[in-house]
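Structure data follow from structure.cif (mmCIF, C-alpha atoms):
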```
data_query
loop_
_atom_site.label_atom_id
_atom_site.label_comp_id
_atom_site.auth_asym_id
_atom_site.auth_seq_id
_atom_site.Cartn_x
_atom_site.Cartn_y
_atom_site.Cartn_z
CA MET A 1 26.70 141.68 63.69
CA GLU A 2 23.27 140.94 65.11
CA ALA A 3 20.52 141.26 62.50
CA ALA A 4 18.13 144.17 63.06
CA LYS A 5 14.98 143.02 64.78
CA VAL A 6 11.55 143.91 63.47
CA PRO A 7 9.97 146.44 65.85
CA VAL A 8 6.55 145.65 67.26
CA THR A 9 4.16 148.33 68.52
CA LEU A 10 1.36 147.21 70.78
CA ILE A 11 -1.77 149.38 70.70
CA THR A 12 -4.13 148.87 73.62
CA GLY A 13 -7.08 150.83 74.92
CA TYR A 14 -10.61 150.41 76.03
CA LEU A 15 -13.58 149.95 73.74
CA GLY A 16 -14.15 153.03 71.60
CA ALA A 17 -11.07 154.90 72.79
CA GLY A 18 -9.70 155.37 69.26
CA LYS A 19 -7.28 152.45 68.71
CA THR A 20 -8.35 151.68 65.15
CA THR A 21 -8.36 155.38 64.27
CA LEU A 22 -4.74 155.58 65.47
CA LEU A 23 -3.86 152.44 63.56
CA ASN A 24 -5.31 153.81 60.33
CA ARG A 25 -3.52 157.13 60.84
CA ILE A 26 -0.23 155.26 61.15
CA LEU A 27 -0.92 153.12 58.12
CA THR A 28 -2.01 155.95 55.83
CA GLU A 29 0.80 158.32 56.77
CA GLN A 30 3.35 158.83 53.99
CA HIS A 31 6.29 157.22 55.78
CA GLY A 32 7.22 154.75 53.06
CA LYS A 33 7.15 151.79 55.42
CA LYS A 34 5.11 148.62 55.32
CA TYR A 35 3.55 147.14 58.42
CA ALA A 36 2.06 143.78 59.26
CA VAL A 37 -1.03 144.39 61.36
CA ILE A 38 -2.33 141.87 63.86
CA VAL A 39 -5.82 142.46 65.18
CA ASN A 40 -8.04 140.50 67.53
CA GLU A 41 -11.28 141.51 66.00
CA PHE A 42 -12.41 143.27 62.89
CA GLY A 43 -14.42 146.22 64.09
CA GLU A 44 -16.81 148.41 62.18
CA GLU A 45 -13.94 150.62 61.13
CA GLY A 46 -11.93 148.93 58.38
CA ILE A 47 -8.15 148.72 58.46
CA ASP A 48 -6.35 150.23 55.51
CA ASN A 49 -3.46 147.82 55.02
CA GLU A 50 -2.36 145.01 52.72
CA LEU A 51 -1.32 142.60 55.43
CA VAL A 52 -3.85 142.20 58.23
CA VAL A 53 -3.80 139.02 60.32
CA ASP A 54 -6.65 138.02 62.59
CA ALA A 55 -5.53 136.71 65.98
CA ASP A 56 -7.71 134.67 68.31
CA GLU A 57 -6.48 135.79 71.74
CA GLU A 58 -5.35 132.35 72.84
CA ILE A 59 -3.96 132.57 76.35
CA PHE A 60 -1.25 130.01 77.04
CA GLU A 61 -0.36 129.33 80.65
CA MET A 62 3.06 127.79 81.09
CA ASN A 63 2.38 127.42 84.78
CA ASN A 64 -1.22 127.00 85.82
CA GLY A 65 -2.79 130.29 86.73
CA CYS A 66 0.35 132.41 87.23
CA ILE A 67 0.07 135.61 85.16
CA CYS A 68 3.87 135.90 85.14
CA CYS A 69 4.07 132.69 83.11
CA THR A 70 1.27 133.47 80.68
CA VAL A 71 1.81 134.32 77.03
CA ARG A 72 -0.28 134.57 73.88
CA GLY A 73 -0.06 131.34 71.91
CA ASP A 74 -1.70 132.88 68.86
CA LEU A 75 0.93 135.63 68.69
CA ILE A 76 3.84 133.20 68.93
CA ARG A 77 2.31 131.27 66.06
CA ILE A 78 1.55 134.35 63.95
CA ILE A 79 4.94 135.97 64.54
CA SER A 80 6.75 132.74 63.67
CA THR A 81 4.80 132.57 60.41
CA LEU A 82 5.22 136.26 59.58
CA MET A 83 8.95 136.19 60.19
CA LYS A 84 9.38 133.70 57.39
CA ARG A 85 8.46 136.63 55.12
CA ALA A 86 10.12 139.33 57.20
CA ASP A 87 11.61 141.14 54.21
CA ALA A 88 8.09 142.05 53.16
CA PHE A 89 7.52 144.59 55.96
CA ASP A 90 9.34 147.01 58.23
CA GLY A 91 7.41 146.54 61.45
CA MET A 92 4.45 144.95 63.17
CA ILE A 93 1.54 146.62 64.90
CA ILE A 94 -0.70 144.64 67.23
CA GLU A 95 -4.10 146.06 68.10
CA THR A 96 -5.64 144.30 71.08
CA THR A 97 -9.27 144.08 71.98
CA GLY A 98 -10.55 146.63 74.47
CA LEU A 99 -10.76 143.93 77.10
CA ALA A 100 -7.32 142.41 76.59
CA ASP A 101 -4.89 142.02 79.47
CA PRO A 102 -1.58 143.46 78.18
CA ALA A 103 0.62 141.21 80.34
CA PRO A 104 0.45 138.02 78.25
CA VAL A 105 1.00 140.05 75.07
CA VAL A 106 4.05 141.82 76.47
CA GLN A 107 5.52 138.63 77.94
CA THR A 108 5.20 136.86 74.59
CA PHE A 109 8.19 138.87 73.39
CA PHE A 110 10.47 137.69 76.18
CA VAL A 111 9.88 133.96 76.58
CA ASP A 112 10.87 132.27 73.34
CA GLU A 113 14.37 132.59 71.89
CA ASP A 114 13.19 132.53 68.30
CA VAL A 115 10.71 135.32 68.91
CA GLN A 116 13.36 137.32 70.80
CA ALA A 117 15.87 136.83 68.01
CA LYS A 118 13.59 138.14 65.31
CA VAL A 119 11.34 140.81 66.79
CA ALA A 120 11.57 143.39 69.56
CA LEU A 121 8.74 145.04 71.42
CA ASP A 122 9.13 148.74 70.66
CA ALA A 123 6.46 150.28 72.90
CA VAL A 124 3.07 149.76 74.47
CA VAL A 125 0.76 152.54 73.30
CA THR A 126 -2.49 152.91 75.22
CA VAL A 127 -5.30 155.05 73.84
CA VAL A 128 -7.44 156.62 76.56
CA ASP A 129 -10.84 158.22 76.03
CA ALA A 130 -10.63 161.48 78.01
CA CYS A 131 -14.41 161.69 78.13
CA HIS A 132 -15.16 158.33 79.76
CA PHE A 133 -11.92 157.37 81.50
CA LEU A 134 -12.72 158.59 85.00
CA ASP A 135 -16.10 156.89 85.03
CA ALA A 136 -14.74 153.59 83.79
CA VAL A 137 -11.29 153.17 85.35
CA ASP A 138 -12.43 152.18 88.82
CA GLU A 139 -14.90 149.66 87.48
CA GLU A 140 -12.94 148.14 84.62
CA HIS A 141 -9.90 146.23 85.75
CA GLU A 142 -8.46 145.99 82.23
CA LEU A 143 -8.49 149.74 81.70
CA ALA A 144 -6.21 150.40 84.67
CA GLU A 145 -3.90 147.58 83.55
CA GLN A 146 -3.68 148.99 80.04
CA VAL A 147 -2.64 152.38 81.44
CA ALA A 148 -0.24 150.77 83.91
CA PHE A 149 1.59 148.86 81.17
CA ALA A 150 1.85 151.81 78.78
CA ASP A 151 5.00 153.53 77.57
CA ILE A 152 2.95 156.09 75.67
CA ILE A 153 -0.57 157.19 76.49
CA LEU A 154 -2.65 158.89 73.82
CA LEU A 155 -5.09 160.93 75.81
CA ASN A 156 -7.71 161.11 73.10
CA LYS A 157 -10.95 163.05 72.57
CA THR A 158 -9.61 165.99 74.54
CA ASP A 159 -11.93 168.26 72.58
CA LEU A 160 -14.88 166.69 74.39
CA VAL A 161 -13.82 167.66 77.93
CA ASP A 162 -13.14 170.93 79.74
CA ALA A 163 -9.80 171.87 81.28
CA ASP A 164 -10.73 170.72 84.80
CA LYS A 165 -11.77 167.28 83.65
CA LEU A 166 -8.72 166.96 81.43
CA ASN A 167 -6.46 167.75 84.40
CA ALA A 168 -8.32 165.24 86.57
CA VAL A 169 -7.87 162.56 83.90
CA LYS A 170 -4.15 163.33 83.62
CA ALA A 171 -3.74 163.20 87.40
CA LYS A 172 -5.43 159.82 87.50
CA ILE A 173 -3.26 158.49 84.67
CA THR A 174 -0.12 159.69 86.41
CA SER A 175 -1.18 158.04 89.65
CA LEU A 176 -1.39 154.75 87.78
CA ASN A 177 1.73 155.19 85.67
CA ARG A 178 4.28 157.94 86.18
CA MET A 179 6.66 156.50 83.57
CA ALA A 180 4.48 156.90 80.51
CA LYS A 181 4.59 159.86 78.18
CA ILE A 182 1.13 161.44 77.77
CA ILE A 183 0.22 162.86 74.36
CA GLU A 184 -3.06 164.78 74.15
CA THR A 185 -4.93 164.14 70.91
CA VAL A 186 -8.14 164.67 69.00
CA ASN A 187 -9.13 161.82 66.66
CA SER A 188 -5.98 159.93 67.75
CA GLY A 189 -3.93 162.49 65.83
CA ALA A 190 -0.51 161.93 67.35
CA PRO A 191 2.67 162.62 65.39
CA ILE A 192 3.74 159.22 64.10
CA ASP A 193 7.33 159.64 65.25
CA GLU A 194 6.07 159.98 68.82
CA VAL A 195 4.34 156.62 68.59
CA LEU A 196 6.62 154.42 66.47
CA ASP A 197 10.31 153.63 66.88
CA ARG A 198 10.34 154.65 70.55
CA GLY A 199 12.60 151.85 71.82
CA ALA A 200 10.79 151.83 75.14
CA PHE A 201 12.06 148.35 75.95
CA ASP A 202 15.56 149.18 74.73
CA LEU A 203 17.65 149.55 77.87
CA THR A 204 20.09 151.85 76.12
CA ARG A 205 17.29 154.38 75.55
CA VAL A 206 15.67 154.45 78.98
CA LEU A 207 17.03 157.88 79.86
CA GLU A 208 15.85 159.60 76.71
CA PHE A 209 12.42 158.07 76.98
CA GLU A 210 11.24 158.15 80.56
CA PRO A 211 10.24 161.62 81.66
CA GLY A 212 8.72 160.41 84.92
CA LEU A 213 11.72 158.35 85.85
CA LEU A 214 13.71 161.49 86.55
CA ASP A 215 10.84 163.39 88.07
CA GLU A 216 10.99 163.72 91.82
CA GLU A 217 7.48 165.06 92.08
CA ASP A 218 5.49 162.77 94.30
CA ASP A 219 1.87 163.53 93.73
CA HIS A 220 0.26 160.18 93.30
CA GLU A 221 -2.68 158.99 95.30
CA HIS A 222 -2.18 156.24 97.83
CA ASP A 223 -5.49 154.48 97.84
CA GLU A 224 -5.37 153.03 94.36
CA ASP A 225 -5.47 149.40 93.46
CA ILE A 226 -2.68 149.97 90.96
CA ILE A 227 -0.20 152.70 91.86
CA SER A 228 3.10 154.02 90.63
CA VAL A 229 5.89 154.34 93.20
CA SER A 230 9.05 156.33 92.52
CA LEU A 231 12.09 155.99 94.79
CA THR A 232 15.35 157.90 94.73
CA THR A 233 18.62 158.21 96.59
CA ASP A 234 21.83 160.18 96.09
CA THR A 235 23.85 157.68 98.12
CA PRO A 236 25.59 154.96 96.07
CA ILE A 237 23.93 151.55 96.04
CA GLU A 238 25.71 148.50 97.41
CA PRO A 239 25.32 145.94 94.58
CA GLU A 240 25.00 142.82 96.68
CA LYS A 241 22.42 144.33 99.02
CA PHE A 242 20.33 145.61 96.13
CA SER A 243 20.58 142.39 94.16
CA ASN A 244 19.42 140.32 97.14
CA TRP A 245 16.53 142.66 97.85
CA ILE A 246 15.19 143.19 94.32
CA ARG A 247 15.45 139.54 93.34
CA GLY A 248 13.68 138.46 96.50
CA PHE A 249 11.02 141.13 96.12
CA ILE A 250 10.28 140.26 92.50
CA MET A 251 10.26 136.56 93.34
CA GLU A 252 7.74 137.15 96.10
CA ARG A 253 5.65 139.95 94.59
CA GLY A 254 6.19 139.58 90.84
CA VAL A 255 2.52 138.84 90.30
CA ASP A 256 1.63 142.28 91.70
CA VAL A 257 4.45 144.23 90.05
CA LEU A 258 3.39 145.02 86.49
CA ARG A 259 6.44 147.01 85.41
CA THR A 260 9.72 148.05 86.98
CA LYS A 261 12.39 150.45 85.76
CA GLY A 262 15.55 151.58 87.43
CA ILE A 263 18.70 153.59 86.89
CA LEU A 264 21.24 152.87 89.59
CA ASN A 265 24.44 154.47 90.81
CA LEU A 266 26.25 151.35 91.97
CA SER A 267 29.13 151.77 94.35
CA GLY A 268 32.49 151.73 92.59
CA GLN A 269 31.02 151.88 89.07
CA ASP A 270 31.48 154.73 86.61
CA ASN A 271 28.49 153.81 84.44
CA ARG A 272 24.78 153.80 85.09
CA TYR A 273 23.21 150.39 85.69
CA VAL A 274 19.85 150.30 83.91
CA PHE A 275 17.22 147.61 84.36
CA GLN A 276 13.58 146.96 83.72
CA GLY A 277 11.03 144.24 84.26
CA VAL A 278 7.59 143.03 83.33
CA HIS A 279 6.23 140.96 86.21
CA MET A 280 9.09 138.51 86.90
CA VAL A 281 10.91 138.93 83.59
CA MET A 282 13.87 141.23 84.23
CA ASP A 283 16.66 142.54 82.04
CA SER A 284 19.57 144.89 82.58
CA ALA A 285 22.42 146.68 80.85
CA TRP A 286 25.19 149.17 81.57
CA GLY A 287 24.30 152.69 80.47
CA ALA A 288 26.32 155.81 79.83
CA PRO A 289 28.90 157.06 82.37
CA TRP A 290 27.62 159.34 85.13
CA ASP A 291 28.31 163.05 85.07
CA SER A 292 30.43 164.05 88.02
CA ALA A 293 27.80 166.38 89.49
CA SER A 294 24.71 164.26 90.01
CA ARG A 295 24.51 160.54 90.59
CA SER A 296 20.96 159.91 91.73
CA SER A 297 19.60 156.39 91.62
CA ARG A 298 15.95 156.10 90.58
CA LEU A 299 13.59 153.20 90.83
CA VAL A 300 9.96 153.04 89.69
CA PHE A 301 7.46 150.29 90.40
CA ILE A 302 3.99 150.12 88.89
CA GLY A 303 1.76 147.55 90.48
CA ARG A 304 -0.88 146.52 92.96
CA ASN A 305 -0.83 146.69 96.72
CA LEU A 306 2.54 148.39 96.83
CA ASP A 307 3.52 149.95 100.15
CA GLU A 308 5.61 153.00 99.26
CA ALA A 309 7.04 153.49 102.76
CA GLU A 310 8.06 149.85 102.97
CA LEU A 311 9.60 149.90 99.51
CA ASN A 312 11.47 153.12 100.21
CA SER A 313 12.81 151.75 103.47
CA ALA A 314 14.04 148.60 101.73
CA PHE A 315 15.57 150.64 98.90
CA GLN A 316 17.39 153.02 101.27
CA ALA A 317 18.72 149.99 103.14
CA CYS A 318 20.58 149.01 99.96
CA THR A 319 22.85 152.07 100.03
CA VAL A 320 26.44 151.94 101.18
CA ALA A 321 25.50 154.22 104.09
CA ALA A 322 22.90 151.83 105.48
CA MET B 323 30.91 144.72 81.77
CA ASP B 324 29.38 141.87 83.72
CA ASP B 325 25.89 142.02 85.11
CA ILE B 326 26.89 142.24 88.76
CA LEU B 327 23.29 142.29 89.99
CA GLY B 328 22.25 139.18 88.09
CA LEU B 329 19.17 140.81 86.56
CA SER B 330 19.97 140.21 82.89
CA ARG B 331 18.06 137.66 80.93
CA ALA B 332 20.08 134.69 79.78
CA LYS B 333 21.48 135.38 76.34
CA PRO B 334 20.31 132.93 73.66
CA ASP B 335 22.86 130.15 73.38
CA GLY B 336 21.14 127.87 70.87
CA SER B 337 19.60 125.60 73.53
CA ALA B 338 16.05 126.36 72.42
CA ALA B 339 16.85 125.59 68.78
CA ARG B 340 18.56 122.35 69.81
CA ILE B 341 15.54 121.27 71.88
CA LYS B 342 13.16 122.20 69.07
CA ASP B 343 15.15 120.07 66.61
CA MET B 344 14.97 117.09 68.96
CA MET B 345 11.24 117.61 69.51
CA ARG B 346 10.54 117.90 65.79
CA GLU B 347 12.29 114.59 65.22
CA ARG B 348 10.53 112.96 68.15
CA LEU B 349 7.09 114.19 67.04
CA GLY B 350 7.74 113.81 63.33
CA ILE B 351 6.72 117.39 62.62
CA GLY B 352 8.20 120.00 60.32
CA GLU B 353 8.85 123.72 60.42
CA GLU B 354 5.21 124.44 59.64
CA THR B 355 4.37 123.47 63.22
CA THR B 356 5.25 126.16 65.75
CA LEU B 357 7.09 125.03 68.86
CA MET B 358 7.81 127.15 71.89
CA VAL B 359 10.64 126.40 74.27
CA SER B 360 11.10 128.49 77.37
CA GLU B 361 12.88 128.32 80.69
CA LEU B 362 10.62 128.95 83.64
CA HIS B 363 11.87 130.07 87.02
CA CYS B 364 9.03 129.10 89.28
CA HIS B 365 8.82 130.35 92.83
CA GLU B 366 5.79 128.44 93.99
CA ASP B 367 6.00 125.81 96.69
CA GLY B 368 6.40 122.33 95.31
CA CYS B 369 7.72 123.44 91.91
CA PRO B 370 11.29 122.92 90.74
CA ASP B 371 13.31 126.15 90.74
CA VAL B 372 13.97 125.84 87.03
CA GLU B 373 11.89 124.09 84.41
CA THR B 374 12.09 123.84 80.65
CA VAL B 375 8.65 124.21 79.09
CA ILE B 376 8.06 122.80 75.61
CA ALA B 377 4.78 123.43 73.81
CA VAL B 378 3.29 122.70 70.42
CA MET B 379 1.61 125.97 69.53
CA ASN B 380 -0.50 124.97 66.54
CA ALA B 381 -4.10 126.04 66.93
CA ASP B 382 -5.40 122.49 67.10
CA ARG B 383 -2.61 121.27 69.37
CA ASP B 384 -2.33 124.08 71.87
CA LYS B 385 -2.88 121.83 74.85
CA MET B 386 0.30 119.82 74.29
CA THR B 387 2.83 120.93 76.84
CA TRP B 388 5.73 119.19 78.48
CA LYS B 389 7.89 120.25 81.40
CA ILE B 390 11.37 119.02 82.19
CA ALA B 391 12.78 119.91 85.59
CA LYS B 392 16.11 121.15 84.21
CA PRO B 393 17.46 124.34 82.67
CA MET B 394 17.39 124.37 78.87
CA THR B 395 21.15 123.93 78.63
CA GLU B 396 20.91 120.54 80.39
CA VAL B 397 18.02 119.08 78.39
CA GLY B 398 19.30 116.17 76.33
CA GLU B 399 18.11 113.50 73.94
CA GLY B 400 17.26 111.18 76.83
CA ASP B 401 14.90 113.75 78.33
CA ILE B 402 13.11 114.24 75.03
CA GLN B 403 12.82 110.50 74.41
CA SER B 404 11.31 109.93 77.84
CA LEU B 405 8.47 112.44 77.32
CA MET B 406 4.98 111.00 77.13
CA ILE B 407 3.62 111.80 73.67
CA PRO B 408 -0.12 111.54 72.99
CA GLN B 409 -0.68 109.13 70.11
CA ALA B 410 -2.28 111.76 67.90
CA ALA B 411 0.76 114.00 68.21
CA GLY B 412 3.58 111.62 67.45
CA ALA B 413 4.69 110.15 64.18
#
```
Could you spell out this file's structure in structure tokens?
Amino acid sequence: MEAAKVPVTLITGYLGAGKTTLLNRILTEQHGKKYAVIVNEFGEEGIDNELVVDADEEIFEMNNGCICCTVRGDLIRIISTLMKRADAFDGMIIETTGLADPAPVVQTFFVDEDVQAKVALDAVVTVVDACHFLDAVDEEHELAEQVAFADIILLNKTDLVDADKLNAVKAKITSLNRMAKIIETVNSGAPIDEVLDRGAFDLTRVLEFEPGLLDEEDDHEHDEDIISVSLTTDTPIEPEKFSNWIRGFIMERGVDVLRTKGILNLSGQDNRYVFQGVHMVMDSAWGAPWDSASRSSRLVFIGRNLDEAELNSAFQACTVAA
Amino acid sequence: MDDILGLSRAKPDGSAARIKDMMRERLGIGEETTLMVSELHCHEDGCPDVETVIAVMNADRDKMTWKIAKPMTEVGEGDIQSLMIPQAAGA
């Protein structure tokens, strides 16, 4: 039997959003678990944990300049070292700097076999400051990326904004990322079980985790740099057509596509086909059998310069009816 | 069931560990030095479709990277022996 992998939670968020407060809440909660904590900088707020490792945000480009082939060398080194004492802790939490690009961090967990064998990315948790988000998101490239990559968004400091502003912030977040679960908090006070052990990158848990993936509401804005596009069809998908299209699309546009998730009703198959991707790194699995009543295929892209009409046309062309 | 769309990542088959062992012997380094081995599917013009990337990830050696224009499963002792090794890195 495959050994259980150590879960890794990635906490991102802009400067002052409440990342360290969340981290300390997790660490001081009476859950009986020990965590290794990897931080990029020691801020003014101390971290209440026995094992804190300082990382140096070393970007390693496997292929010059291509973000799809970029990982974090420091994390590979730290994880390799930590795993030699893996019995000493139950999980890892990585807190990035406010300016960190999440892509190299996320891709670190998918490029090296030894890392993949020992640890598994559990979820990307992004802490958002409800008070300053709308002012900053259009100016700060990293902030939009952190939201776009998130599986869980802690919408923090909600006590500092009125209902209208809170709704505007949520609408903006959803336009960037319709897959993430939004948890409204004050002082980063999220229930720990809604942050840890989420299995967001576990293909067998996609259905239980992704509220937006099954949501047909199409309310996102169309003039964003980063947008979230959701496609659906009730007609079965022709596997060969879809495979040719998606592989070609990701090959060509993988730099722009930050995350992809899909649940497909493939022609002639009783089970769901589930897949996901981060830039050009894709993975798939067979999910549970379909119910007889509804067999809708869903596909979500989060990325830059995505043309929804073009994507929908290409997706619909992959059905058996096309 | 098979992955009929071809979107699954390759399952680990021990190739990375085999390449790391050969590199450790070639460089004369032990387990304390972190190596990374990855298979890159590059789609840029002029690049091979598949490359094996090998890197020494120690903080003071992070610039040492080698690429072999083969999938990991096909990388052999001859490929490792033919790599150019900076004098400071080798044994």
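Contacts from chain A to chain B at a cut-off of 7 Å (only C-alpha atoms) map to Met62, Gly73, Arg77, Val111, Asp112, Glu113, Pro239, Glu240, Ser243, Met251, Met282, Asp283 and Ser284 of chain A.
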Quick one: residues within 8 Å of stretch 298-310 of chain A, all atoms listed in the file counted, chain neighbours fewer than 4 positions away excluded, as a tab-separated table (two decimals) with C-alpha atoms, in the coordinates of the input?
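Resulting contents of part.tsv:
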```tsv
chain	number	residue	atom	x	y	z
A	148	ALA	CA	-0.24	150.77	83.91
A	176	LEU	CA	-1.39	154.75	87.78
A	177	ASN	CA	1.73	155.19	85.67
A	179	MET	CA	6.66	156.50	83.57
A	213	LEU	CA	11.72	158.35	85.85
A	214	LEU	CA	13.71	161.49	86.55
A	225	ASP	CA	-5.47	149.40	93.46
A	226	ILE	CA	-2.68	149.97	90.96
A	227	ILE	CA	-0.20	152.70	91.86
A	228	SER	CA	3.10	154.02	90.63
A	229	VAL	CA	5.89	154.34	93.20
A	230	SER	CA	9.05	156.33	92.52
A	231	LEU	CA	12.09	155.99	94.79
A	232	THR	CA	15.35	157.90	94.73
A	233	THR	CA	18.62	158.21	96.59
A	256	ASP	CA	1.63	142.28	91.70
A	257	VAL	CA	4.45	144.23	90.05
A	258	LEU	CA	3.39	145.02	86.49
A	259	ARG	CA	6.44	147.01	85.41
A	260	THR	CA	9.72	148.05	86.98
A	261	LYS	CA	12.39	150.45	85.76
A	262	GLY	CA	15.55	151.58	87.43
A	263	ILE	CA	18.70	153.59	86.89
A	264	LEU	CA	21.24	152.87	89.59
A	314	ALA	CA	14.04	148.60	101.73
```
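Those residues that approach A:Asp54 to within 12 Å, counting all atoms listed in the file, are Ala36, Val37, Ile38, Val39, Asn40, Glu41, Phe42, Gly43, Ile47, Leu51, Val52, Asp56, Glu57, Glu58, Asp74, Leu75, Arg77, Ile78, Ile79, Ile94, Glu95, Thr96 and Thr97 of chain A; same-chain residues fewer than 2 positions away are not listed.
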Could you tell me which residues the PyMOL selection byres ((chain A and resi 21) around 10) grabs in this file, written as a compact mmCIF listing (two decimals) with C-alpha atoms, keeping the file's coordinate frame?
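Full text of part-v8.txt as output:
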```
# COMPACT_ATOMS: atom_id res chain seq x y z
CA GLY A 16 -14.15 153.03 71.60
CA ALA A 17 -11.07 154.90 72.79
CA GLY A 18 -9.70 155.37 69.26
CA LYS A 19 -7.28 152.45 68.71
CA THR A 20 -8.35 151.68 65.15
CA LEU A 22 -4.74 155.58 65.47
CA LEU A 23 -3.86 152.44 63.56
CA ASN A 24 -5.31 153.81 60.33
CA ARG A 25 -3.52 157.13 60.84
CA ILE A 26 -0.23 155.26 61.15
CA LEU A 27 -0.92 153.12 58.12
CA GLU A 45 -13.94 150.62 61.13
CA GLY A 46 -11.93 148.93 58.38
CA ILE A 47 -8.15 148.72 58.46
CA ASN A 187 -9.13 161.82 66.66
CA SER A 188 -5.98 159.93 67.75
CA GLY A 189 -3.93 162.49 65.83
```
Grab the atom CA of A:Thr70 to atom CA of A:Gln146 distance for me, in Å with one decimal place.
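These two atoms are separated by 16.3 Å.
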Using the chain letters and numbers from the file, give me the residues hit by the PyMOL selection byres ((chain A and resi 268) around 12), as a list in words.
Thr235, Pro236, Ile237, Glu238, Pro239, Leu264, Asn265, Leu266, Ser267, Gln269, Asp270, Asn271, Arg272, Tyr273, Trp290 and Val320 of chain A; Ile326 of chain B
Could you tell me, as a count of residues only, exactly which residues end up selected when the PyMOL selection byres ((chain A and resi 101) around 8) is applied to this structure?
9
